[in-house]
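Below is work.cif, holding mmCIF, C-alpha atoms.
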data_my_file
loop_
_atom_site.label_atom_id
_atom_site.label_comp_id
_atom_site.auth_asym_id
_atom_site.auth_seq_id
_atom_site.Cartn_x
_atom_site.Cartn_y
_atom_site.Cartn_z
CA MET O 1 0.00 0.00 0.00
CA LYS O 2 1.45 3.36 -1.06
CA LEU O 3 1.44 6.40 1.21
CA ARG O 4 -1.22 9.04 0.44
CA PRO O 5 -1.15 12.86 0.80
CA ASP O 6 -2.80 14.45 3.83
CA THR O 7 -1.92 11.50 6.04
CA LEU O 8 0.33 11.44 9.09
CA ALA O 9 2.33 8.57 7.58
CA MET O 10 3.22 10.62 4.48
CA THR O 11 4.16 13.61 6.63
CA ALA O 12 6.32 11.40 8.87
CA VAL O 13 8.26 9.91 5.94
CA LEU O 14 8.83 13.33 4.34
CA ALA O 15 9.94 14.64 7.75
CA MET O 16 12.46 11.81 8.13
CA LEU O 17 13.89 12.64 4.71
CA THR O 18 14.53 16.22 5.81
CA ALA O 19 15.81 14.95 9.21
CA LEU O 20 18.83 13.20 7.69
CA GLY O 21 20.80 16.45 7.94
CA PRO O 22 20.10 17.07 11.66
CA LEU O 23 20.65 13.36 12.36
CA SER O 24 24.04 13.46 10.63
CA THR O 25 25.19 16.43 12.70
CA ASP O 26 23.44 16.24 16.07
CA PHE O 27 24.03 12.55 16.72
CA TYR O 28 27.81 12.90 17.06
CA LEU O 29 27.98 16.35 18.68
CA PRO O 30 28.70 14.93 22.16
CA SER O 31 31.64 13.03 20.60
CA LEU O 32 33.45 16.10 19.20
CA PRO O 33 35.71 16.60 22.26
CA GLU O 34 36.73 12.90 22.11
CA ILE O 35 37.38 13.17 18.37
CA VAL O 36 39.76 16.03 19.16
CA ARG O 37 41.61 13.80 21.64
CA VAL O 38 41.59 10.50 19.74
CA MET O 39 42.41 11.97 16.33
CA GLY O 40 45.12 14.26 17.69
CA THR O 41 43.54 17.39 16.25
CA ASP O 42 42.22 20.69 17.69
CA VAL O 43 38.80 22.34 18.03
CA ALA O 44 38.99 23.78 14.51
CA GLY O 45 39.91 20.33 13.12
CA ALA O 46 36.94 18.64 14.74
CA GLN O 47 34.65 21.49 13.74
CA ALA O 48 35.85 21.00 10.15
CA THR O 49 33.91 17.72 10.11
CA LEU O 50 30.76 19.84 10.52
CA SER O 51 31.70 22.48 7.98
CA ALA O 52 32.84 19.80 5.51
CA PHE O 53 29.38 18.28 5.79
CA LEU O 54 27.76 21.60 4.92
CA PHE O 55 30.07 22.26 1.97
CA GLY O 56 29.33 18.77 0.64
CA PHE O 57 25.66 19.31 1.32
CA ALA O 58 25.74 22.57 -0.60
CA GLY O 59 27.43 20.89 -3.58
CA GLY O 60 24.82 18.16 -3.67
CA GLN O 61 22.02 20.71 -3.69
CA ILE O 62 23.06 21.82 -7.18
CA VAL O 63 22.20 18.57 -8.91
CA TRP O 64 19.58 16.55 -7.00
CA GLY O 65 16.65 18.91 -7.51
CA PRO O 66 17.08 19.53 -11.25
CA LEU O 67 17.77 15.81 -11.78
CA SER O 68 14.51 14.94 -10.04
CA ASP O 69 12.59 17.51 -12.12
CA ARG O 70 13.68 15.52 -15.19
CA LEU O 71 13.93 11.90 -13.95
CA GLY O 72 11.35 11.79 -11.14
CA ARG O 73 11.65 12.10 -7.38
CA LYS O 74 11.88 8.47 -6.25
CA PRO O 75 14.81 7.12 -8.33
CA VAL O 76 16.94 10.17 -7.55
CA LEU O 77 15.96 9.92 -3.88
CA LEU O 78 17.12 6.30 -3.67
CA THR O 79 20.40 7.16 -5.39
CA GLY O 80 21.11 9.81 -2.76
CA LEU O 81 20.25 7.41 0.05
CA ALA O 82 22.59 4.75 -1.34
CA LEU O 83 25.49 7.23 -1.39
CA PHE O 84 24.61 8.30 2.17
CA LEU O 85 24.76 4.69 3.41
CA VAL O 86 28.18 4.01 1.86
CA ALA O 87 29.62 7.29 3.16
CA THR O 88 28.29 6.73 6.68
CA LEU O 89 30.07 3.37 6.77
CA LEU O 90 33.27 5.15 5.68
CA CYS O 91 32.87 7.63 8.56
CA ALA O 92 32.41 4.80 11.06
CA LEU O 93 35.67 3.19 9.87
CA ALA O 94 37.72 6.40 9.40
CA PRO O 95 41.30 5.95 10.69
CA SER O 96 42.18 9.66 10.80
CA ILE O 97 40.61 13.14 10.89
CA GLU O 98 41.34 13.54 7.17
CA TRP O 99 39.40 10.37 6.32
CA LEU O 100 36.58 11.45 8.60
CA VAL O 101 36.33 14.84 6.87
CA ALA O 102 36.33 13.13 3.46
CA GLY O 103 33.63 10.72 4.62
CA ARG O 104 31.55 13.61 5.90
CA VAL O 105 31.71 15.33 2.51
CA LEU O 106 30.42 12.18 0.76
CA GLN O 107 27.83 11.65 3.49
CA ALA O 108 26.56 15.17 2.90
CA LEU O 109 26.40 14.70 -0.87
CA GLY O 110 24.12 11.72 -0.27
CA ALA O 111 22.02 13.35 2.48
CA SER O 112 21.35 16.46 0.41
CA GLY O 113 19.27 14.43 -2.07
CA PRO O 114 16.56 13.24 0.36
CA ILE O 115 16.35 16.66 2.00
CA VAL O 116 15.98 18.55 -1.29
CA LEU O 117 13.46 16.04 -2.58
CA GLY O 118 11.45 16.01 0.64
CA ARG O 119 10.84 19.76 0.18
CA ALA O 120 10.11 19.33 -3.53
CA MET O 121 7.57 16.59 -2.79
CA VAL O 122 5.70 18.97 -0.49
CA ARG O 123 5.46 21.42 -3.39
CA ASP O 124 4.29 18.58 -5.65
CA LEU O 125 1.46 17.71 -3.27
CA TYR O 126 0.34 20.98 -1.64
CA GLU O 127 -0.32 24.68 -2.38
CA GLY O 128 -0.01 28.00 -0.48
CA PRO O 129 -0.65 28.03 3.28
CA ARG O 130 -1.35 24.28 3.13
CA ALA O 131 2.26 23.78 2.03
CA GLY O 132 3.44 26.04 4.85
CA ARG O 133 1.38 24.00 7.30
CA GLU O 134 2.89 20.78 5.94
CA PHE O 135 6.42 22.15 6.34
CA ALA O 136 5.54 23.09 9.92
CA ARG O 137 4.09 19.61 10.59
CA MET O 138 7.22 18.04 9.15
CA GLY O 139 9.30 20.35 11.31
CA MET O 140 7.44 19.26 14.43
CA ILE O 141 8.12 15.59 13.67
CA MET O 142 11.64 16.30 12.47
CA GLY O 143 12.28 18.15 15.72
CA LEU O 144 12.14 14.84 17.57
CA VAL O 145 15.40 13.83 15.86
CA PRO O 146 17.60 16.60 17.35
CA ALA O 147 15.67 16.20 20.61
CA ILE O 148 16.68 12.57 20.89
CA ALA O 149 19.92 12.40 18.86
CA PRO O 150 22.32 14.33 21.15
CA ALA O 151 21.04 12.54 24.26
CA VAL O 152 21.31 9.10 22.62
CA GLY O 153 24.62 10.13 21.10
CA GLY O 154 25.90 11.04 24.56
CA ILE O 155 24.89 7.61 25.86
CA LEU O 156 26.51 5.83 22.90
CA GLN O 157 29.62 7.96 23.31
CA ALA O 158 29.95 7.06 26.97
CA ALA O 159 29.34 3.35 26.34
CA PHE O 160 31.02 2.62 23.00
CA GLY O 161 32.95 5.67 21.77
CA TRP O 162 32.45 8.07 18.88
CA ARG O 163 32.25 5.48 16.07
CA SER O 164 29.03 4.04 17.50
CA THR O 165 27.03 7.14 16.53
CA PHE O 166 27.83 6.57 12.84
CA VAL O 167 26.88 2.89 13.12
CA ALA O 168 23.52 3.90 14.60
CA THR O 169 23.02 6.47 11.81
CA LEU O 170 23.72 3.75 9.24
CA ALA O 171 21.06 1.47 10.74
CA LEU O 172 18.40 4.21 10.80
CA ALA O 173 19.12 5.29 7.21
CA LEU O 174 18.89 1.69 6.03
CA LEU O 175 15.47 1.34 7.65
CA LEU O 176 14.32 4.57 5.97
CA ALA O 177 15.50 3.29 2.58
CA VAL O 178 13.39 0.14 2.99
CA VAL O 179 10.29 2.21 3.82
CA ILE O 180 10.82 4.41 0.75
CA ILE O 181 11.27 1.43 -1.59
CA LEU O 182 8.12 -0.26 -0.33
CA PHE O 183 5.69 2.56 0.40
CA LEU O 184 6.61 5.99 -1.07
CA PRO O 185 4.87 6.83 -4.40
CA GLU O 186 6.24 9.03 -7.16
CA THR O 187 4.88 12.55 -6.58
CA ILE O 188 6.03 14.58 -9.58
CA ARG O 189 3.16 15.53 -11.89
CA VAL O 190 4.93 16.87 -14.97
CA ARG O 191 8.58 16.15 -15.63
CA SER O 192 10.86 18.86 -16.97
CA SER O 193 11.83 18.63 -20.64
CA GLU O 194 15.05 20.65 -20.19
CA ARG O 195 18.33 18.93 -21.05
CA LEU O 196 20.43 17.76 -18.11
CA SER O 197 23.64 19.76 -18.04
CA LEU O 198 25.39 22.11 -15.65
CA LEU O 199 24.62 24.99 -18.00
CA ALA O 200 20.90 24.12 -17.96
CA ILE O 201 20.96 23.83 -14.16
CA PHE O 202 22.57 27.24 -13.70
CA ARG O 203 20.22 28.73 -16.28
CA SER O 204 17.34 27.38 -14.20
CA PHE O 205 18.83 29.00 -11.09
CA GLY O 206 18.99 32.29 -13.01
CA VAL O 207 15.23 32.11 -13.61
CA LEU O 208 14.72 31.68 -9.87
CA LEU O 209 16.96 34.60 -8.94
CA ARG O 210 15.08 36.99 -11.17
CA ASN O 211 12.15 36.63 -8.78
CA ARG O 212 12.94 39.23 -6.09
CA PRO O 213 10.70 37.87 -3.30
CA TYR O 214 12.35 34.47 -3.84
CA ARG O 215 15.72 36.06 -3.06
CA VAL O 216 14.37 37.52 0.18
CA TYR O 217 12.91 34.22 1.39
CA VAL O 218 16.12 32.36 0.53
CA ALA O 219 18.12 34.92 2.53
CA ILE O 220 15.82 34.64 5.56
CA THR O 221 16.12 30.85 5.46
CA ALA O 222 19.91 31.11 5.29
CA LEU O 223 20.14 33.59 8.17
CA ALA O 224 17.88 31.51 10.43
CA TYR O 225 19.75 28.30 9.67
CA GLY O 226 23.09 30.07 10.01
CA GLY O 227 22.26 30.84 13.64
CA LEU O 228 21.23 27.23 14.18
CA PHE O 229 24.53 26.00 12.75
CA ALA O 230 26.51 28.51 14.77
CA PHE O 231 25.03 26.87 17.87
CA ILE O 232 25.53 23.34 16.53
CA SER O 233 29.18 23.98 15.69
CA GLY O 234 30.09 25.86 18.87
CA SER O 235 27.78 24.72 21.65
CA SER O 236 29.56 21.48 22.56
CA PHE O 237 32.82 23.36 23.17
CA VAL O 238 31.06 26.14 25.10
CA LEU O 239 28.92 23.88 27.28
CA ILE O 240 31.34 20.94 27.70
CA SER O 241 34.80 22.54 27.56
CA ILE O 242 34.01 25.94 29.13
CA TYR O 243 31.03 25.26 31.41
CA GLY O 244 32.03 21.68 32.26
CA LEU O 245 28.88 19.77 31.30
CA SER O 246 29.21 16.04 30.67
CA PRO O 247 28.41 14.75 27.15
CA ARG O 248 25.15 13.30 28.52
CA ASP O 249 24.14 16.59 30.17
CA TYR O 250 25.08 18.45 27.02
CA GLY O 251 22.78 16.20 25.00
CA LEU O 252 19.96 16.94 27.42
CA SER O 253 20.63 20.70 27.37
CA PHE O 254 20.51 20.64 23.56
CA GLY O 255 16.91 19.56 23.98
CA PHE O 256 15.97 23.08 25.15
CA GLY O 257 16.39 24.27 21.59
CA VAL O 258 14.61 21.27 20.13
CA LEU O 259 11.59 21.86 22.34
CA GLY O 260 11.64 25.51 21.27
CA PHE O 261 11.75 24.49 17.61
CA ILE O 262 8.83 22.09 18.03
CA LEU O 263 6.85 24.78 19.88
CA GLY O 264 7.54 27.20 17.03
CA THR O 265 6.24 24.74 14.43
CA ILE O 266 3.09 24.08 16.49
CA ILE O 267 2.40 27.81 16.76
CA ALA O 268 3.05 28.19 13.02
CA GLN O 269 0.50 25.50 12.15
CA ARG O 270 -2.14 27.29 14.20
CA LEU O 271 -1.37 30.79 12.89
CA VAL O 272 -0.60 30.31 9.19
CA GLY O 273 -4.23 29.90 8.17
CA ARG O 274 -5.18 33.24 9.77
CA ARG O 275 -2.03 35.34 9.38
CA GLY O 276 -0.60 33.87 6.17
CA LEU O 277 2.99 32.86 5.50
CA ASP O 278 4.46 36.36 5.92
CA GLY O 279 2.53 36.98 9.12
CA VAL O 280 4.11 33.94 10.76
CA ILE O 281 7.58 34.81 9.44
CA ALA O 282 7.25 38.27 11.03
CA ILE O 283 6.81 36.69 14.46
CA GLY O 284 9.62 34.21 13.81
CA VAL O 285 12.30 36.75 12.93
CA ALA O 286 11.45 38.69 16.11
CA PHE O 287 12.19 35.54 18.13
CA LEU O 288 15.45 35.04 16.23
CA ALA O 289 16.67 38.50 17.18
CA ALA O 290 15.44 38.17 20.78
CA GLY O 291 17.16 34.81 21.27
CA GLY O 292 20.52 35.94 19.94
CA LEU O 293 20.54 39.23 21.85
CA SER O 294 19.43 37.64 25.14
CA MET O 295 22.24 35.06 24.91
CA LEU O 296 24.76 37.82 24.23
CA LEU O 297 23.46 39.80 27.22
CA CYS O 298 23.61 36.77 29.56
CA LEU O 299 27.15 35.81 28.60
CA THR O 300 28.44 39.39 28.64
CA ALA O 301 26.98 39.93 32.11
CA GLY O 302 28.12 36.50 33.34
CA PHE O 303 24.52 35.64 34.19
CA GLY O 304 22.91 32.22 34.31
CA GLY O 305 25.83 29.91 33.59
CA PRO O 306 24.79 27.13 31.16
CA LEU O 307 21.16 28.27 31.40
CA GLY O 308 22.27 31.65 30.06
CA VAL O 309 23.12 29.78 26.88
CA THR O 310 20.38 27.17 26.64
CA ILE O 311 17.30 29.29 27.44
CA PRO O 312 18.14 31.97 24.83
CA TRP O 313 18.90 29.07 22.48
CA ALA O 314 15.34 27.86 23.04
CA ILE O 315 14.00 31.34 22.21
CA TYR O 316 16.06 31.44 19.01
CA SER O 317 14.81 27.96 18.12
CA ILE O 318 11.17 29.06 18.47
CA GLY O 319 12.02 31.64 15.83
CA ILE O 320 13.48 28.95 13.55
CA GLY O 321 10.31 26.86 13.89
CA LEU O 322 8.17 29.87 13.03
CA SER O 323 10.21 31.40 10.22
CA MET O 324 12.07 28.68 8.30
CA PRO O 325 9.19 26.40 7.20
CA GLN O 326 7.13 29.40 6.06
CA ALA O 327 10.07 31.03 4.26
CA GLN O 328 10.81 27.77 2.46
CA ALA O 329 7.17 27.40 1.42
CA SER O 330 7.06 31.04 0.25
CA ALA O 331 10.22 30.52 -1.83
CA LEU O 332 8.85 27.43 -3.61
CA MET O 333 5.30 28.64 -4.28
CA PRO O 334 5.97 30.57 -7.54
CA PHE O 335 7.69 27.57 -9.19
CA PRO O 336 5.40 24.53 -9.49
CA ASP O 337 7.17 23.49 -12.71
CA ARG O 338 10.67 23.59 -11.21
CA ALA O 339 10.12 22.80 -7.53
CA GLY O 340 13.21 20.58 -7.44
CA ALA O 341 15.48 23.34 -8.73
CA ALA O 342 13.89 25.91 -6.40
CA SER O 343 14.37 23.58 -3.43
CA SER O 344 17.98 22.89 -4.49
CA PHE O 345 18.89 26.56 -4.63
CA VAL O 346 17.31 27.28 -1.24
CA GLY O 347 19.40 24.50 0.26
CA LEU O 348 22.54 25.52 -1.63
CA CYS O 349 22.47 29.05 -0.24
CA GLN O 350 21.42 27.87 3.22
CA MET O 351 24.26 25.37 3.51
CA LEU O 352 27.05 27.42 1.93
CA PHE O 353 26.26 30.34 4.20
CA SER O 354 26.00 28.12 7.29
CA ALA O 355 29.28 26.36 6.50
CA CYS O 356 31.03 29.74 6.43
CA VAL O 357 29.36 30.67 9.72
CA GLY O 358 30.58 27.42 11.26
CA LEU O 359 34.15 28.03 10.12
CA VAL O 360 34.15 31.53 11.59
CA VAL O 361 32.73 30.35 14.93
CA GLY O 362 35.25 27.48 15.06
CA LYS O 363 38.16 29.87 14.49
CA LEU O 364 36.99 32.43 17.05
CA LEU O 365 36.08 30.02 19.87
CA THR O 366 39.09 29.67 22.15
CA ASP O 367 38.77 30.39 25.88
CA SER O 368 35.71 32.65 25.56
CA ALA O 369 32.11 31.72 24.76
CA LEU O 370 31.25 35.19 23.43
CA PRO O 371 31.82 34.49 19.69
CA LEU O 372 28.81 32.16 19.74
CA PRO O 373 26.16 34.63 21.00
CA ALA O 374 27.75 37.46 19.01
CA MET O 375 27.27 35.50 15.78
CA MET O 376 23.73 34.42 16.65
CA SER O 377 22.78 38.01 17.55
CA LEU O 378 24.15 39.30 14.25
CA LEU O 379 22.23 36.74 12.22
CA GLY O 380 18.96 37.08 14.15
CA VAL O 381 18.93 40.86 13.95
CA SER O 382 19.86 40.70 10.24
CA ALA O 383 16.86 38.45 9.53
CA LEU O 384 14.55 40.84 11.39
CA VAL O 385 15.86 43.90 9.54
CA LEU O 386 15.76 42.19 6.13
CA PHE O 387 12.20 41.00 6.55
CA HIS O 388 10.82 44.42 7.48
CA ALA O 389 12.97 46.29 4.96
CA SER O 390 11.62 44.07 2.15
CA ARG O 391 7.94 44.56 2.98
CA LYS O 392 7.05 46.51 -0.19
CA LEU O 393 9.08 44.19 -2.40
CA ARG O 394 7.35 41.07 -1.01
CA ALA O 395 3.93 42.70 -1.26
CA ALA O 396 4.52 43.37 -4.95
CA LYS O 397 5.26 39.65 -5.58
CA ALA O 398 7.47 40.74 -8.43
#

What do you get writing this file as structure tokens?
Amino acid sequence: MKLRPDTLAMTAVLAMLTALGPLSTDFYLPSLPEIVRVMGTDVAGAQATLSAFLFGFAGGQIVWGPLSDRLGRKPVLLTGLALFLVATLLCALAPSIEWLVAGRVLQALGASGPIVLGRAMVRDLYEGPRAGREFARMGMIMGLVPAIAPAVGGILQAAFGWRSTFVATLALALLLAVVIILFLPETIRVRSSERLSLLAIFRSFGVLLRNRPYRVYVAITALAYGGLFAFISGSSFVLISIYGLSPRDYGLSFGFGVLGFILGTIIAQRLVGRRGLDGVIAIGVAFLAAGGLSMLLCLTAGFGGPLGVTIPWAIYSIGIGLSMPQAQASALMPFPDRAGAASSFVGLCQMLFSACVGLVVGKLLTDSALPLPAMMSLLGVSALVLFHASRKLRAAKA
């Protein structure tokens, strides 16, 4: 029996496709300090395994969406999953930090396919605020992954070491592949007739970029996710190395943000029908700015200890849950005939920008935690300013 639209089962499978990215990063976060020790590297070296994932993820975004517009969603999706499985095994067996970084790049190339195609399938199946509501529902389910992954990763780290998190990722991805083969239908309605070439792909991206509201929504998505990745890349060193939390306690503290994200998606589902996509984004970017600035204030004043990091992180995460799903839906709405390419370019910009953010945070984090809230404040405030400054442009829908 194939999965049908407007069912919880379909939403859950699409959510798990988009959760491969968070699973691939959050699961091994508690292991980063041990990777530094075992691999004989430094903080920047371990953080490079995160940034390498995003650079690989960004590269994969270029091809998966346009390929699926021409060949169909399901065969391209399974190709990406197969690459992800092989690369995850390579990560689990990596003998050095260089091999681990290389494995992470290949893992990201594979993971980017399911994530791009999960978003494109939403556009295949739903329109307007209904698509925004579906993204929010997926986000609520997807939020369970980062809620559970760091805590389970901390337990696996304590019991079996850092390689065990990649073995667990491999098992979960294999189970997802079986579900897709057996139950997921093809969702594309009309396949693109454009030739498959890099020139055609970049020409397709040019069509997208000529739509000015699309550029705004892509930028808001990138800024929101950049703050998320700043926390992902720097929080384990701040909370474990500076504040002295154990890997297990760090995994639990990471859950503050996950709960905030889930709360944001629940609020978005309730509000999007009445306030529209932009109305929900407006609330979300306010939370982004408030979360970043409150963390900066707490750490500058020396207030709250670890809670001065995790509670503002939860506030920022509410903003992600409110703004990102609606911005992604708004970006894809004008392009029903090239949803794969539109989804690819959103992810490309989101991941390239976030990889650069991660590199900067990794370089600046030494003995002080301040680079983390400073970066999150900058990104949250930038999203708020951009959204309100672009009000007339978005209203014109040009």

Nearest to Gly128 of chain O, chosen from O:Ala389, O:Ala224, O:Val272, O:Leu384, with all atoms listed in the file counted in the distances: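 Between O:Ala389, O:Ala224, O:Val272, O:Leu384, the residue approaching Gly128 of chain O most closely is O:Val272.
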
Looking at all atoms listed in the file, which of O:Gly132, O:Gly305, O:Gly358, O:Gly227 is the one that sits closest to Leu245 of chain O? O:Gly305

When the PyMOL selection byres ((chain O and resi 273-287) around 6) is applied to the file above, which residues end up in the set, as a tab-separated table (two decimals) with C-alpha atoms, in the coordinates of the input?
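So result-v1.tsv came out as:
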chain	number	residue	atom	x	y	z
O	271	LEU	CA	-1.37	30.79	12.89
O	272	VAL	CA	-0.60	30.31	9.19
O	288	LEU	CA	15.45	35.04	16.23
O	289	ALA	CA	16.67	38.50	17.18
O	290	ALA	CA	15.44	38.17	20.78
O	291	GLY	CA	17.16	34.81	21.27
O	316	TYR	CA	16.06	31.44	19.01
O	319	GLY	CA	12.02	31.64	15.83
O	322	LEU	CA	8.17	29.87	13.03
O	323	SER	CA	10.21	31.40	10.22
O	326	GLN	CA	7.13	29.40	6.06
O	383	ALA	CA	16.86	38.45	9.53
O	384	LEU	CA	14.55	40.84	11.39

Identify the residues within 8 Å of coordinate (23.9, 10.8, 20.7) (same frame as the file), considering all atoms listed in the file, and give the answer as a VMD selection string. chain O and resid 26 to 30 148 to 157 165 251

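Distances here use all atoms listed in the file; by that measure, the residue among O:Ala168, O:Ile315, O:Ala327, O:Ala82 closest to Arg394 of chain O is O:Ala327.
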
O:Met121, O:Cys349, O:Val258, O:Leu223 ranked by distance to Asp69 of chain O, top pick (using all atoms listed in the file):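 Comparing O:Met121, O:Cys349, O:Val258, O:Leu223 against Asp69 of chain O, the winner is O:Met121.
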
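Atom to atom, atom CA of Gln350 of chain O and atom CA of Leu125 of chain O stand 23.3 Å apart.
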
Using only C-alpha atoms, can you tell me which of O:Phe231, O:Phe160, O:Tyr217, O:Trp313 comes closest to Met375 of chain O?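 For Met375 of chain O, the nearest of the given residues is O:Phe231.
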
Within 8 Å of Val357 of chain O, counting all atoms listed in the file, which residues show up once you throw out same-chain ones fewer than 6 positions away? Write them as a list of chain:residue names, please.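 Counting all atoms listed in the file, the residues come to O:Gly226, O:Phe229, O:Ala230.
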
Since we have the selection now, will you write its residues out, keeping C-alpha atoms, as a short mmCIF file (atom, residue, chain, number, x, y, z; two decimals), in the coordinates of the input?
data_model
loop_
_atom_site.label_atom_id
_atom_site.label_comp_id
_atom_site.auth_asym_id
_atom_site.auth_seq_id
_atom_site.Cartn_x
_atom_site.Cartn_y
_atom_site.Cartn_z
CA GLY O 226 23.09 30.07 10.01
CA PHE O 229 24.53 26.00 12.75
CA ALA O 230 26.51 28.51 14.77
#

Mind filling out segment 20-40 of chain O with N, CA and C atoms and sending it as a PDB file, in the frame of the given file?
ATOM      1  N   LEU O  20      17.517  13.826   7.850  1.00  0.00           N
ATOM      2  CA  LEU O  20      18.830  13.200   7.690  1.00  0.00           C
ATOM      3  C   LEU O  20      19.968  14.177   7.990  1.00  0.00           C
ATOM      4  N   GLY O  21      19.771  15.455   7.641  1.00  0.00           N
ATOM      5  CA  GLY O  21      20.800  16.450   7.940  1.00  0.00           C
ATOM      6  C   GLY O  21      21.008  16.630   9.435  1.00  0.00           C
ATOM      7  N   PRO O  22      19.940  16.970  10.212  1.00  0.00           N
ATOM      8  CA  PRO O  22      20.100  17.070  11.660  1.00  0.00           C
ATOM      9  C   PRO O  22      20.622  15.780  12.296  1.00  0.00           C
ATOM     10  N   LEU O  23      20.165  14.623  11.814  1.00  0.00           N
ATOM     11  CA  LEU O  23      20.650  13.360  12.360  1.00  0.00           C
ATOM     12  C   LEU O  23      22.150  13.214  12.145  1.00  0.00           C
ATOM     13  N   SER O  24      22.620  13.618  10.972  1.00  0.00           N
ATOM     14  CA  SER O  24      24.040  13.460  10.630  1.00  0.00           C
ATOM     15  C   SER O  24      24.940  14.415  11.408  1.00  0.00           C
ATOM     16  N   THR O  25      24.381  15.487  11.927  1.00  0.00           N
ATOM     17  CA  THR O  25      25.190  16.430  12.700  1.00  0.00           C
ATOM     18  C   THR O  25      24.977  16.286  14.205  1.00  0.00           C
ATOM     19  N   ASP O  26      23.725  16.207  14.632  1.00  0.00           N
ATOM     20  CA  ASP O  26      23.440  16.240  16.070  1.00  0.00           C
ATOM     21  C   ASP O  26      23.818  14.961  16.784  1.00  0.00           C
ATOM     22  N   PHE O  27      23.771  13.827  16.081  1.00  0.00           N
ATOM     23  CA  PHE O  27      24.030  12.550  16.720  1.00  0.00           C
ATOM     24  C   PHE O  27      25.442  12.487  17.311  1.00  0.00           C
ATOM     25  N   TYR O  28      26.433  13.046  16.589  1.00  0.00           N
ATOM     26  CA  TYR O  28      27.810  12.900  17.060  1.00  0.00           C
ATOM     27  C   TYR O  28      28.360  14.149  17.754  1.00  0.00           C
ATOM     28  N   LEU O  29      27.504  15.149  17.999  1.00  0.00           N
ATOM     29  CA  LEU O  29      27.980  16.350  18.680  1.00  0.00           C
ATOM     30  C   LEU O  29      28.626  16.065  20.034  1.00  0.00           C
ATOM     31  N   PRO O  30      28.033  15.200  20.880  1.00  0.00           N
ATOM     32  CA  PRO O  30      28.700  14.930  22.160  1.00  0.00           C
ATOM     33  C   PRO O  30      30.069  14.258  22.012  1.00  0.00           C
ATOM     34  N   SER O  31      30.369  13.729  20.822  1.00  0.00           N
ATOM     35  CA  SER O  31      31.640  13.030  20.600  1.00  0.00           C
ATOM     36  C   SER O  31      32.749  13.961  20.104  1.00  0.00           C
ATOM     37  N   LEU O  32      32.428  15.218  19.778  1.00  0.00           N
ATOM     38  CA  LEU O  32      33.450  16.100  19.200  1.00  0.00           C
ATOM     39  C   LEU O  32      34.669  16.266  20.107  1.00  0.00           C
ATOM     40  N   PRO O  33      34.497  16.500  21.422  1.00  0.00           N
ATOM     41  CA  PRO O  33      35.710  16.600  22.260  1.00  0.00           C
ATOM     42  C   PRO O  33      36.562  15.325  22.229  1.00  0.00           C
ATOM     43  N   GLU O  34      35.932  14.134  22.179  1.00  0.00           N
ATOM     44  CA  GLU O  34      36.730  12.900  22.110  1.00  0.00           C
ATOM     45  C   GLU O  34      37.413  12.763  20.761  1.00  0.00           C
ATOM     46  N   ILE O  35      36.747  13.202  19.687  1.00  0.00           N
ATOM     47  CA  ILE O  35      37.380  13.170  18.370  1.00  0.00           C
ATOM     48  C   ILE O  35      38.634  14.023  18.365  1.00  0.00           C
ATOM     49  N   VAL O  36      38.574  15.183  19.023  1.00  0.00           N
ATOM     50  CA  VAL O  36      39.760  16.030  19.160  1.00  0.00           C
ATOM     51  C   VAL O  36      40.897  15.242  19.808  1.00  0.00           C
ATOM     52  N   ARG O  37      40.584  14.529  20.886  1.00  0.00           N
ATOM     53  CA  ARG O  37      41.610  13.800  21.640  1.00  0.00           C
ATOM     54  C   ARG O  37      42.116  12.585  20.881  1.00  0.00           C
ATOM     55  N   VAL O  38      41.208  11.761  20.373  1.00  0.00           N
ATOM     56  CA  VAL O  38      41.590  10.500  19.740  1.00  0.00           C
ATOM     57  C   VAL O  38      42.318  10.734  18.419  1.00  0.00           C
ATOM     58  N   MET O  39      41.833  11.718  17.649  1.00  0.00           N
ATOM     59  CA  MET O  39      42.410  11.970  16.330  1.00  0.00           C
ATOM     60  C   MET O  39      43.631  12.884  16.377  1.00  0.00           C
ATOM     61  N   GLY O  40      43.963  13.396  17.557  1.00  0.00           N
ATOM     62  CA  GLY O  40      45.120  14.260  17.690  1.00  0.00           C
ATOM     63  C   GLY O  40      44.983  15.571  16.941  1.00  0.00           C
TER      64      GLY O  40
END
